[in-house]
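Asks: Provided below: upload.cif, containing mmCIF, C-alpha atoms (C1' of nucleotides).
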data_start
loop_
_atom_site.label_atom_id
_atom_site.label_comp_id
_atom_site.auth_asym_id
_atom_site.auth_seq_id
_atom_site.Cartn_x
_atom_site.Cartn_y
_atom_site.Cartn_z
CA MET V 1 85.31 140.98 169.02
CA PRO V 2 81.91 142.05 170.13
CA GLU V 3 81.28 142.41 173.83
CA LEU V 4 78.03 143.14 175.64
CA PRO V 5 77.35 146.64 174.21
CA GLU V 6 77.97 145.47 170.65
CA VAL V 7 75.81 142.36 171.06
CA GLU V 8 73.07 144.44 172.69
CA THR V 9 73.18 146.81 169.71
CA VAL V 10 72.75 143.91 167.29
CA VAL V 11 69.87 142.51 169.32
CA ARG V 12 68.02 145.85 169.44
CA ASP V 13 68.45 146.34 165.70
CA LEU V 14 67.29 142.83 164.88
CA ARG V 15 64.18 143.18 167.03
CA LEU V 16 62.96 145.90 164.69
CA SER V 17 63.53 143.97 161.50
CA LEU V 18 63.17 140.32 162.46
CA VAL V 19 60.50 139.81 165.12
CA GLY V 20 57.31 138.46 163.57
CA ARG V 21 59.03 137.27 160.41
CA ARG V 22 58.78 133.68 159.25
CA LEU V 23 61.94 131.91 158.08
CA THR V 24 61.44 130.56 154.58
CA GLY V 25 64.81 129.17 153.48
CA ILE V 26 68.41 128.64 154.54
CA ARG V 27 71.78 128.54 152.81
CA THR V 28 75.08 127.75 154.54
CA SER V 29 78.68 127.92 153.39
CA SER V 30 80.82 124.81 153.25
CA ARG V 31 83.31 126.23 155.73
CA PRO V 32 82.59 125.33 159.36
CA LEU V 33 82.07 127.82 162.16
CA ARG V 34 83.18 126.99 165.72
CA VAL V 35 80.27 124.57 165.82
CA LYS V 36 79.74 122.71 162.56
CA TRP V 37 76.34 123.26 160.95
CA SER V 38 74.01 120.25 161.09
CA PRO V 39 71.62 119.66 158.17
CA ASP V 40 69.14 118.41 160.78
CA TRP V 41 68.63 122.00 161.90
CA GLU V 42 67.29 123.23 158.60
CA PRO V 43 63.79 121.68 158.85
CA CYS V 44 63.64 122.91 162.46
CA LEU V 45 64.17 126.51 161.36
CA VAL V 46 62.37 126.78 158.04
CA GLY V 47 58.67 127.55 158.48
CA ARG V 48 59.05 128.88 162.00
CA GLN V 49 58.45 132.42 163.10
CA VAL V 50 60.69 134.70 165.15
CA SER V 51 58.84 135.51 168.36
CA THR V 52 61.45 137.32 170.49
CA ILE V 53 65.13 138.18 170.41
CA ARG V 54 67.15 138.32 173.61
CA ARG V 55 70.74 138.73 174.77
CA ARG V 56 72.45 136.75 177.51
CA GLY V 57 76.05 137.79 178.08
CA LYS V 58 77.54 137.84 174.59
CA TRP V 59 75.02 135.30 173.26
CA ILE V 60 72.13 136.18 170.94
CA LEU V 61 68.98 134.12 171.57
CA ILE V 62 66.34 134.04 168.85
CA ASP V 63 63.12 132.44 170.11
CA LEU V 64 61.04 130.67 167.49
CA ALA V 65 57.32 129.88 167.36
CA PRO V 66 55.82 127.47 167.93
CA THR V 67 59.07 126.08 169.42
CA GLY V 68 62.84 126.25 169.09
CA LEU V 69 65.78 128.47 169.90
CA PHE V 70 68.39 129.76 167.48
CA VAL V 71 71.56 130.77 169.36
CA ILE V 72 74.27 132.86 167.77
CA HIS V 73 77.65 133.94 169.13
CA LEU V 74 79.61 136.51 167.14
CA GLY V 75 83.06 135.35 168.28
CA MET V 76 85.64 137.96 167.31
CA THR V 77 84.51 139.05 163.86
CA GLY V 78 80.88 137.98 163.50
CA GLN V 79 78.37 140.29 161.79
CA LEU V 80 74.65 139.52 161.97
CA THR V 81 72.51 141.80 159.83
CA VAL V 82 69.15 141.94 158.11
CA VAL V 83 69.81 143.11 154.56
CA SER V 84 68.02 143.36 151.25
CA ARG V 85 68.25 140.26 149.10
CA ALA V 86 69.42 142.58 146.36
CA LYS V 87 72.57 143.41 148.32
CA PRO V 88 75.38 141.26 146.91
CA ALA V 89 77.02 138.94 149.42
CA GLU V 90 80.48 139.92 150.62
CA ASN V 91 83.09 137.23 151.20
CA HIS V 92 83.02 135.25 154.46
CA VAL V 93 79.24 134.94 154.53
CA HIS V 94 78.45 131.62 156.21
CA LEU V 95 74.71 131.69 156.73
CA GLU V 96 71.73 133.28 155.00
CA VAL V 97 68.13 132.91 156.14
CA ASP V 98 65.34 134.05 153.81
CA LEU V 99 62.43 135.95 155.36
CA ASP V 100 58.76 135.75 154.45
CA ASP V 101 58.51 139.28 153.09
CA GLY V 102 60.42 138.06 150.06
CA VAL V 103 62.67 141.13 150.22
CA ASP V 104 65.09 140.75 153.12
CA LEU V 105 67.33 138.07 154.54
CA LEU V 106 69.25 137.49 157.75
CA ARG V 107 72.94 137.26 156.96
CA TYR V 108 75.79 135.97 159.15
CA ARG V 109 79.29 136.98 158.12
CA ASP V 110 82.39 135.98 160.09
CA ILE V 111 85.93 136.48 158.83
CA ARG V 112 87.72 134.42 161.46
CA ARG V 113 84.91 131.89 162.01
CA PHE V 114 85.23 131.94 165.81
CA GLY V 115 81.49 132.48 166.05
CA SER V 116 78.68 129.94 166.02
CA ALA V 117 75.04 129.53 165.01
CA VAL V 118 73.28 126.56 166.59
CA TYR V 119 69.69 125.34 166.82
CA TYR V 120 68.36 124.01 170.13
CA ALA V 121 64.98 122.50 170.90
CA ASP V 122 64.63 124.73 173.96
CA GLU V 123 66.59 126.94 176.31
CA SER V 124 67.66 124.19 178.68
CA ALA V 125 69.23 122.33 175.77
CA TRP V 126 71.39 125.40 175.27
CA SER V 127 72.24 126.16 178.89
CA ASP V 128 72.79 122.52 179.80
CA GLY V 129 75.30 122.16 177.01
CA ARG V 130 79.06 122.50 177.25
CA VAL V 131 78.58 126.23 177.59
CA GLU V 132 80.08 127.14 180.92
CA ASP V 133 77.64 128.56 183.44
CA LEU V 134 77.14 132.22 182.80
CA GLY V 135 77.32 134.68 185.69
CA PRO V 136 74.81 137.47 186.27
CA GLU V 137 74.20 140.23 183.77
CA PRO V 138 76.32 143.30 184.69
CA PHE V 139 73.19 145.41 185.23
CA ASP V 140 71.78 142.84 187.65
CA LEU V 141 74.83 142.58 189.93
CA THR V 142 73.86 143.06 193.54
CA PRO V 143 76.40 144.66 195.87
CA ARG V 144 76.36 141.54 197.97
CA TYR V 145 76.95 139.08 195.12
CA PHE V 146 79.74 141.20 193.69
CA ARG V 147 81.47 141.69 197.03
CA GLU V 148 81.30 138.02 197.94
CA MET V 149 82.32 136.82 194.50
CA LEU V 150 85.43 139.01 194.66
CA ALA V 151 86.23 138.00 198.22
CA ALA V 152 86.20 134.34 197.24
CA THR V 153 89.07 134.53 194.75
CA SER V 154 92.72 135.47 194.72
CA ARG V 155 92.70 136.08 190.98
CA CYS V 156 93.50 139.54 189.68
CA LEU V 157 90.66 141.94 188.85
CA LYS V 158 91.32 141.83 185.12
CA ALA V 159 91.04 138.03 185.02
CA ILE V 160 87.84 138.13 187.09
CA LEU V 161 86.13 140.61 184.79
CA LEU V 162 87.01 138.53 181.74
CA ASP V 163 85.58 135.37 183.36
CA GLN V 164 82.04 134.90 182.00
CA ARG V 165 81.13 132.86 185.10
CA ALA V 166 81.78 135.88 187.34
CA VAL V 167 80.03 138.50 185.17
CA ALA V 168 78.51 137.78 181.78
CA GLY V 169 79.30 139.99 178.81
CA VAL V 170 82.47 141.89 179.73
CA GLY V 171 85.46 141.41 177.41
CA ASN V 172 88.90 142.94 177.06
CA ILE V 173 87.84 146.46 176.09
CA TYR V 174 85.21 146.99 178.77
CA ALA V 175 87.28 145.29 181.47
CA ASP V 176 90.03 147.87 180.93
CA GLU V 177 87.60 150.77 180.61
CA SER V 178 85.71 149.75 183.77
CA LEU V 179 88.89 149.37 185.83
CA PHE V 180 90.01 152.84 184.78
CA ALA V 181 86.60 154.30 185.60
CA ALA V 182 86.85 152.74 189.05
CA ARG V 183 90.52 153.85 189.37
CA LEU V 184 91.59 150.33 190.30
CA ASP V 185 94.85 148.55 189.51
CA PRO V 186 94.03 145.64 187.15
CA ARG V 187 96.59 143.49 189.00
CA GLY V 188 94.81 143.81 192.35
CA ARG V 189 93.44 140.60 193.80
CA GLY V 190 89.72 140.11 194.23
CA CYS V 191 90.06 139.04 197.86
CA ASP V 192 92.08 142.16 198.69
CA LEU V 193 89.45 144.58 197.40
CA LYS V 194 87.77 146.57 200.15
CA PRO V 195 83.95 146.69 200.03
CA ARG V 196 83.87 150.39 199.12
CA ARG V 197 86.17 149.74 196.17
CA ALA V 198 84.23 146.67 195.11
CA GLU V 199 81.14 148.85 195.01
CA ARG V 200 82.99 151.44 192.97
CA LEU V 201 83.90 148.75 190.43
CA ARG V 202 80.37 147.38 190.29
CA THR V 203 78.88 150.78 189.49
CA ALA V 204 81.70 151.62 187.07
CA ILE V 205 81.02 148.48 185.01
CA ALA V 206 77.34 149.34 184.67
CA ALA V 207 78.04 152.99 183.85
CA VAL V 208 80.65 152.17 181.19
CA LEU V 209 78.46 149.55 179.53
CA LYS V 210 75.39 151.79 179.59
CA ARG V 211 77.30 154.61 177.95
CA ALA V 212 78.74 152.21 175.34
CA ILE V 213 75.28 150.90 174.47
CA GLU V 214 74.09 154.49 174.00
CA SER V 215 76.93 154.89 171.47
CA ARG V 216 75.90 151.66 169.71
CA GLY V 217 79.07 149.89 170.86
CA ALA V 218 82.61 150.28 169.60
CA THR V 219 83.90 149.58 166.10
CA ILE V 220 87.63 148.96 165.96
CA LYS V 221 87.65 147.14 162.69
CA ASP V 222 84.81 144.82 161.88
CA PHE V 223 81.84 145.45 164.15
CA VAL V 224 78.52 146.52 162.69
CA GLY V 225 75.06 146.53 164.29
CA GLY V 226 72.09 144.58 163.03
CA SER V 227 71.35 147.26 160.46
CA GLY V 228 74.95 147.49 159.27
CA LEU V 229 75.81 150.73 161.14
CA LYS V 230 79.14 151.03 162.92
CA GLY V 231 79.47 151.89 166.61
CA GLY V 232 80.85 155.08 168.09
CA TYR V 233 82.19 154.24 171.53
CA GLN V 234 85.77 153.81 170.25
CA ASN V 235 85.95 157.61 170.28
CA GLU V 236 85.36 157.61 174.03
CA PHE V 237 87.97 155.05 175.06
CA THR V 238 89.95 156.26 178.06
CA VAL V 239 92.65 153.57 178.07
CA TYR V 240 91.90 150.78 175.57
CA GLY V 241 94.16 151.09 172.52
CA ARG V 242 95.65 154.35 173.86
CA THR V 243 99.11 153.06 174.82
CA GLY V 244 101.56 155.96 175.04
CA GLN V 245 98.86 158.61 174.70
CA PRO V 246 98.17 161.00 177.56
CA CYS V 247 95.71 159.91 180.22
CA ARG V 248 92.54 161.95 179.84
CA SER V 249 92.59 162.53 183.60
CA CYS V 250 96.25 163.17 184.60
CA GLY V 251 98.06 163.53 181.29
CA ARG V 252 100.66 160.85 181.92
CA PRO V 253 101.12 158.16 179.26
CA ILE V 254 98.78 155.18 179.21
CA GLU V 255 100.66 151.92 179.61
CA CYS V 256 100.05 148.42 178.28
CA MET V 257 100.91 145.16 180.01
CA ARG V 258 100.07 141.49 179.60
CA LEU V 259 97.57 140.21 182.15
CA ALA V 260 95.40 137.09 182.12
CA GLY V 261 96.81 136.48 178.65
CA ARG V 262 95.42 139.75 177.31
CA SER V 263 96.70 143.21 176.51
CA THR V 264 95.77 145.38 179.46
CA HIS V 265 95.69 149.15 179.10
CA TRP V 266 95.82 151.35 182.18
CA CYS V 267 97.07 154.51 183.82
CA PRO V 268 99.50 153.58 186.63
CA ASN V 269 99.09 157.04 188.12
CA CYS V 270 95.27 157.12 188.28
CA GLN V 271 94.69 153.41 188.91
CA ASP V 272 96.59 153.16 192.17
CA GLU V 273 94.18 151.32 194.44
"C1'" DA E 1 91.87 126.70 191.91
"C1'" DC E 2 94.47 129.18 188.87
"C1'" DA E 3 97.98 130.89 185.58
"C1'" DG E 4 99.65 130.28 181.25
"C1'" DG E 5 99.79 128.51 176.83
"C1'" DA E 6 97.86 126.65 172.66
"C1'" DT E 7 93.99 126.17 169.58
"C1'" DC E 8 90.43 127.37 166.28
"C1'" DC E 9 90.88 131.32 161.83
"C1'" DT E 10 91.80 135.54 158.61
"C1'" DG E 11 93.62 139.97 157.76
"C1'" DG E 12 96.21 144.05 158.72
"C1'" DG E 13 100.24 146.43 160.11
"C1'" DG E 14 105.15 146.95 161.09
"C1'" DG E 15 109.90 145.81 160.23
"C1'" DC E 16 113.28 144.54 157.04
"C1'" DT U 1 106.76 145.51 146.30
"C1'" DG U 2 107.12 141.30 149.09
"C1'" DC U 3 107.88 138.41 152.98
"C1'" DC U 4 107.73 137.23 157.76
"C1'" DC U 5 106.24 137.90 162.25
"C1'" DC U 6 103.08 139.63 165.51
"C1'" DC U 7 98.76 141.18 166.83
"C1'" DA U 8 93.52 141.27 167.31
"C1'" DG U 9 87.17 142.51 170.65
"C1'" DG U 10 86.33 135.08 172.42
"C1'" DA U 11 85.70 130.48 174.20
"C1'" DT U 12 87.71 126.24 175.41
"C1'" DC U 13 90.94 122.70 176.33
"C1'" DC U 14 95.21 121.25 178.29
"C1'" DT U 15 99.30 121.33 181.36
"C1'" DG U 16 101.90 122.44 185.42
#
I need this file expressed as structure tokens, please.
Replies:
Amino acid sequence: MPELPEVETVVRDLRLSLVGRRLTGIRTSSRPLRVKWSPDWEPCLVGRQVSTIRRRGKWILIDLAPTGLFVIHLGMTGQLTVVSRAKPAENHVHLEVDLDDGVDLLRYRDIRRFGSAVYYADESAWSDGRVEDLGPEPFDLTPRYFREMLAATSRCLKAILLDQRAVAGVGNIYADESLFAARLDPRGRGCDLKPRRAERLRTAIAAVLKRAIESRGATIKDFVGGSGLKGGYQNEFTVYGRTGQPCRSCGRPIECMRLAGRSTHWCPNCQDE
DNA sequence: ACAGGATCCTGGGGGC
DNA sequence: TGCCCCCAGGATCCTG
């Protein structure tokens, strides 16, 4: 579920409540996440202190001191929050980490269990793993990289934006929203995109994501930030989930088609290039 | 290289 | 009210 803006929101929230805290205890559910929990990780986590929290694509990286890296992916329905120990656990809670203030805990809840929480000795152990190579962050895309990456593939724009190797962090919502903002047909091929239009797409992606982060991401059903607050960007969607509703630009109905295996929302009238 | 499908899961909504 | 089918923000594996 969560894409870059939602993961960034969680990371920013957790920085406030988690950095500097020592982990004092861990409880896990018996039901496995995408990666099964290893009991070997527990002694690696307990007693260590959270030094920094970072985001890479849709991955949450929690750096530990003196060593260690705790990597969490929210999958489709993951919720990572710091809550009071007094708050009763909802269903589908799969991981709880006690904090050294004796009051709060870090809680991971995930209805569909597509997410993961894995300990690694260091960052190379994570990046060298079966995780496919992540592309650049959307805010770090250079015009040249983006132009050449597009020119090298005959895949359609929608499929390219969803590919984490091309750009890290964009998912179905923000792919559709970015293509509308750039007024580009999601079916267009990367190698057919003229440089001016490639540049339009590059800046549209950054602008859409920046605006979504400012709104604390989008909550369709399950997403909450690290403090439990919902996002607000769903109120600004131009095409995603608006099938049949009037385009905010031209008034004609938004359409939905299947592309790269995903629902793709667009305005055939406005996205004509 | 790439498209398409299936898989891992649960829950919600629509149709009947 | 219930049942069945389809759908969902992701990553990954497999086939053709």
Asks: Gly171 in chain V: which residues within 6 Å, counting all atoms listed in the file, same-chain residues fewer than 4 positions away excluded, as a PDB file with C-alpha atoms, in the coordinates of the input?
Replies:
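Result written to result02.pdb:
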ATOM      1  CA  GLU V   3      81.280 142.410 173.830  1.00  0.00           C
ATOM      2  CA  LEU V 162      87.010 138.530 181.740  1.00  0.00           C
ATOM      3  CA  ALA V 175      87.280 145.290 181.470  1.00  0.00           C
TER       4      ALA V 175
END
Asks: Could you list, as an NGL selection string, every residue within 9 Å of range 4-8 of chain E, counting all atoms listed in the file and ignoring same-chain residues fewer than 2 positions away?
Replies: (:V and (34 or 112-114 or 260-261)) or (:U and (12-15))
Asks: To verify the selection step, state as number ranges by chain which residues the PyMOL selection byres ((chain V) within 12 of (chain E)) yields on this input.
Replies: V: 31-35, 75-77, 91-92, 110-115, 152-156, 159-160, 221-222, 258-262
Asks: Leaving out Pro138 in chain V and any residue of its chain fewer than 3 positions from it, which residues lie within 10 Å of it when counting all atoms listed in the file, given as a PyMOL selection string?
Replies: chain V and resi 4+57+135+141-142+146+166-170+202-203+205-207+209-210
Asks: Go through chain U and flag each residue having an atom no more than 10 Å from chain V; for those, report the closest pair of atoms plus their distance in Å to one decimal, using all atoms listed in the file, ordered by chain and rising number, as CSV.
Replies:
residue,atom,partner,partner_atom,distance
U:DA8,C1',V:Met1,CA,8.4
U:DG9,C1',V:Met1,CA,2.9
U:DG10,C1',V:Gly75,CA,5.3
U:DA11,C1',V:Gly75,CA,8.1
U:DT12,C1',V:Val131,CA,9.4
Asks: Could you give me, as a PyMOL selection string, the residues that sit within 7 Å of (74.7, 135.9, 170.9) in the file's coordinates, counting only C-alpha atoms (C1' of nucleotides)?
Replies: chain V and resi 7+55+58-61+71-74
Asks: Rounded to one decimal, what separation in Å do you get between CA of Glu42 in chain V and CA of Thr9 in chain V?
Replies: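 Result for CA of Glu42 in chain V versus CA of Thr9 in chain V: 26.7 Å, one decimal.
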Asks: Translate the PyMOL selection byres ((chain V and resi 229) around 12) into a concrete residue list for this structure, as a PyMOL selection string.
Replies: chain V and resi 6+9-10+13+79-83+215-219+222-228+230-232
Asks: Could you tell me how far CA of Ala204 in chain V sits from CA of Glu273 in chain V, in Å to one decimal place?
Replies: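 These two atoms are separated by 14.5 Å.
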Asks: Find the distance between CA of Arg56 in chain V and CA of Tyr240 in chain V and write it in Å to one decimal.
Replies: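 For CA of Arg56 in chain V relative to CA of Tyr240 in chain V, the distance reads 24.1 Å.
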Asks: So which residues are close to (66.3, 130.8, 166.3), meaning at most 8 Å away in the file's coordinates with all atoms listed in the file counted, and can you show them as a PyMOL selection string?
Replies: chain V and resi 45+50+61-64+68-71+119
Asks: With the PyMOL selection byres ((chain V and resi 38) around 12) as the selection, what would be picked from this file? Answer as a PDB file with C-alpha atoms, in the frame of the given file, please.
Replies:
ATOM      1  CA  ARG V  27      71.780 128.540 152.810  1.00  0.00           C
ATOM      2  CA  THR V  28      75.080 127.750 154.540  1.00  0.00           C
ATOM      3  CA  SER V  29      78.680 127.920 153.390  1.00  0.00           C
ATOM      4  CA  SER V  30      80.820 124.810 153.250  1.00  0.00           C
ATOM      5  CA  PRO V  32      82.590 125.330 159.360  1.00  0.00           C
ATOM      6  CA  LEU V  33      82.070 127.820 162.160  1.00  0.00           C
ATOM      7  CA  VAL V  35      80.270 124.570 165.820  1.00  0.00           C
ATOM      8  CA  LYS V  36      79.740 122.710 162.560  1.00  0.00           C
ATOM      9  CA  TRP V  37      76.340 123.260 160.950  1.00  0.00           C
ATOM     10  CA  PRO V  39      71.620 119.660 158.170  1.00  0.00           C
ATOM     11  CA  ASP V  40      69.140 118.410 160.780  1.00  0.00           C
ATOM     12  CA  TRP V  41      68.630 122.000 161.900  1.00  0.00           C
ATOM     13  CA  GLU V  42      67.290 123.230 158.600  1.00  0.00           C
ATOM     14  CA  PRO V  43      63.790 121.680 158.850  1.00  0.00           C
ATOM     15  CA  CYS V  44      63.640 122.910 162.460  1.00  0.00           C
ATOM     16  CA  LEU V  45      64.170 126.510 161.360  1.00  0.00           C
ATOM     17  CA  SER V 116      78.680 129.940 166.020  1.00  0.00           C
ATOM     18  CA  ALA V 117      75.040 129.530 165.010  1.00  0.00           C
ATOM     19  CA  VAL V 118      73.280 126.560 166.590  1.00  0.00           C
ATOM     20  CA  TYR V 119      69.690 125.340 166.820  1.00  0.00           C
ATOM     21  CA  TYR V 120      68.360 124.010 170.130  1.00  0.00           C
TER      22      TYR V 120
END
Asks: Rebuild range 27-49 of chain V so that it carries N, CA and C atoms, then output the result as a PDB file, keeping the file's coordinate frame.
Replies:
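Full text of selection11.pdb as output:
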ATOM      1  N   ARG V  27      70.577 128.969 153.542  1.00  0.00           N
ATOM      2  CA  ARG V  27      71.780 128.540 152.810  1.00  0.00           C
ATOM      3  C   ARG V  27      72.979 128.666 153.735  1.00  0.00           C
ATOM      4  N   THR V  28      73.875 127.691 153.721  1.00  0.00           N
ATOM      5  CA  THR V  28      75.080 127.750 154.540  1.00  0.00           C
ATOM      6  C   THR V  28      76.304 127.588 153.649  1.00  0.00           C
ATOM      7  N   SER V  29      77.431 128.107 154.126  1.00  0.00           N
ATOM      8  CA  SER V  29      78.680 127.920 153.390  1.00  0.00           C
ATOM      9  C   SER V  29      79.251 126.554 153.756  1.00  0.00           C
ATOM     10  N   SER V  30      80.234 126.130 152.988  1.00  0.00           N
ATOM     11  CA  SER V  30      80.820 124.810 153.250  1.00  0.00           C
ATOM     12  C   SER V  30      81.873 124.879 154.349  1.00  0.00           C
ATOM     13  N   ARG V  31      82.261 126.100 154.741  1.00  0.00           N
ATOM     14  CA  ARG V  31      83.310 126.230 155.730  1.00  0.00           C
ATOM     15  C   ARG V  31      82.695 126.260 157.128  1.00  0.00           C
ATOM     16  N   PRO V  32      83.211 125.448 158.032  1.00  0.00           N
ATOM     17  CA  PRO V  32      82.590 125.330 159.360  1.00  0.00           C
ATOM     18  C   PRO V  32      82.858 126.524 160.259  1.00  0.00           C
ATOM     19  N   LEU V  33      81.877 126.877 161.072  1.00  0.00           N
ATOM     20  CA  LEU V  33      82.070 127.820 162.160  1.00  0.00           C
ATOM     21  C   LEU V  33      82.603 127.026 163.354  1.00  0.00           C
ATOM     22  N   ARG V  34      82.671 127.672 164.513  1.00  0.00           N
ATOM     23  CA  ARG V  34      83.180 126.990 165.720  1.00  0.00           C
ATOM     24  C   ARG V  34      82.402 125.695 165.970  1.00  0.00           C
ATOM     25  N   VAL V  35      81.106 125.769 165.765  1.00  0.00           N
ATOM     26  CA  VAL V  35      80.270 124.570 165.820  1.00  0.00           C
ATOM     27  C   VAL V  35      79.818 124.275 164.386  1.00  0.00           C
ATOM     28  N   LYS V  36      80.061 123.065 163.939  1.00  0.00           N
ATOM     29  CA  LYS V  36      79.740 122.710 162.560  1.00  0.00           C
ATOM     30  C   LYS V  36      78.223 122.658 162.363  1.00  0.00           C
ATOM     31  N   TRP V  37      77.773 123.204 161.252  1.00  0.00           N
ATOM     32  CA  TRP V  37      76.340 123.260 160.950  1.00  0.00           C
ATOM     33  C   TRP V  37      75.808 121.850 160.715  1.00  0.00           C
ATOM     34  N   SER V  38      74.640 121.553 161.314  1.00  0.00           N
ATOM     35  CA  SER V  38      74.010 120.250 161.090  1.00  0.00           C
ATOM     36  C   SER V  38      72.830 120.399 160.137  1.00  0.00           C
ATOM     37  N   PRO V  39      72.760 119.585 159.095  1.00  0.00           N
ATOM     38  CA  PRO V  39      71.620 119.660 158.170  1.00  0.00           C
ATOM     39  C   PRO V  39      70.295 119.361 158.870  1.00  0.00           C
ATOM     40  N   ASP V  40      70.371 118.697 160.025  1.00  0.00           N
ATOM     41  CA  ASP V  40      69.140 118.410 160.780  1.00  0.00           C
ATOM     42  C   ASP V  40      68.454 119.682 161.267  1.00  0.00           C
ATOM     43  N   TRP V  41      69.209 120.771 161.346  1.00  0.00           N
ATOM     44  CA  TRP V  41      68.630 122.000 161.900  1.00  0.00           C
ATOM     45  C   TRP V  41      67.738 122.707 160.889  1.00  0.00           C
ATOM     46  N   GLU V  42      68.000 122.466 159.626  1.00  0.00           N
ATOM     47  CA  GLU V  42      67.290 123.230 158.600  1.00  0.00           C
ATOM     48  C   GLU V  42      65.762 123.068 158.678  1.00  0.00           C
ATOM     49  N   PRO V  43      65.254 121.821 158.730  1.00  0.00           N
ATOM     50  CA  PRO V  43      63.790 121.680 158.850  1.00  0.00           C
ATOM     51  C   PRO V  43      63.237 122.208 160.164  1.00  0.00           C
ATOM     52  N   CYS V  44      64.095 122.352 161.176  1.00  0.00           N
ATOM     53  CA  CYS V  44      63.640 122.910 162.460  1.00  0.00           C
ATOM     54  C   CYS V  44      63.482 124.421 162.377  1.00  0.00           C
ATOM     55  N   LEU V  45      64.198 125.048 161.463  1.00  0.00           N
ATOM     56  CA  LEU V  45      64.170 126.510 161.360  1.00  0.00           C
ATOM     57  C   LEU V  45      63.193 126.985 160.288  1.00  0.00           C
ATOM     58  N   VAL V  46      63.208 126.331 159.152  1.00  0.00           N
ATOM     59  CA  VAL V  46      62.370 126.780 158.040  1.00  0.00           C
ATOM     60  C   VAL V  46      60.894 126.575 158.380  1.00  0.00           C
ATOM     61  N   GLY V  47      60.094 127.617 158.176  1.00  0.00           N
ATOM     62  CA  GLY V  47      58.670 127.550 158.480  1.00  0.00           C
ATOM     63  C   GLY V  47      58.334 128.140 159.837  1.00  0.00           C
ATOM     64  N   ARG V  48      59.334 128.319 160.676  1.00  0.00           N
ATOM     65  CA  ARG V  48      59.050 128.880 162.000  1.00  0.00           C
ATOM     66  C   ARG V  48      59.158 130.397 161.980  1.00  0.00           C
ATOM     67  N   GLN V  49      58.568 130.976 163.029  1.00  0.00           N
ATOM     68  CA  GLN V  49      58.450 132.420 163.100  1.00  0.00           C
ATOM     69  C   GLN V  49      59.287 132.960 164.254  1.00  0.00           C
TER      70      GLN V  49
END
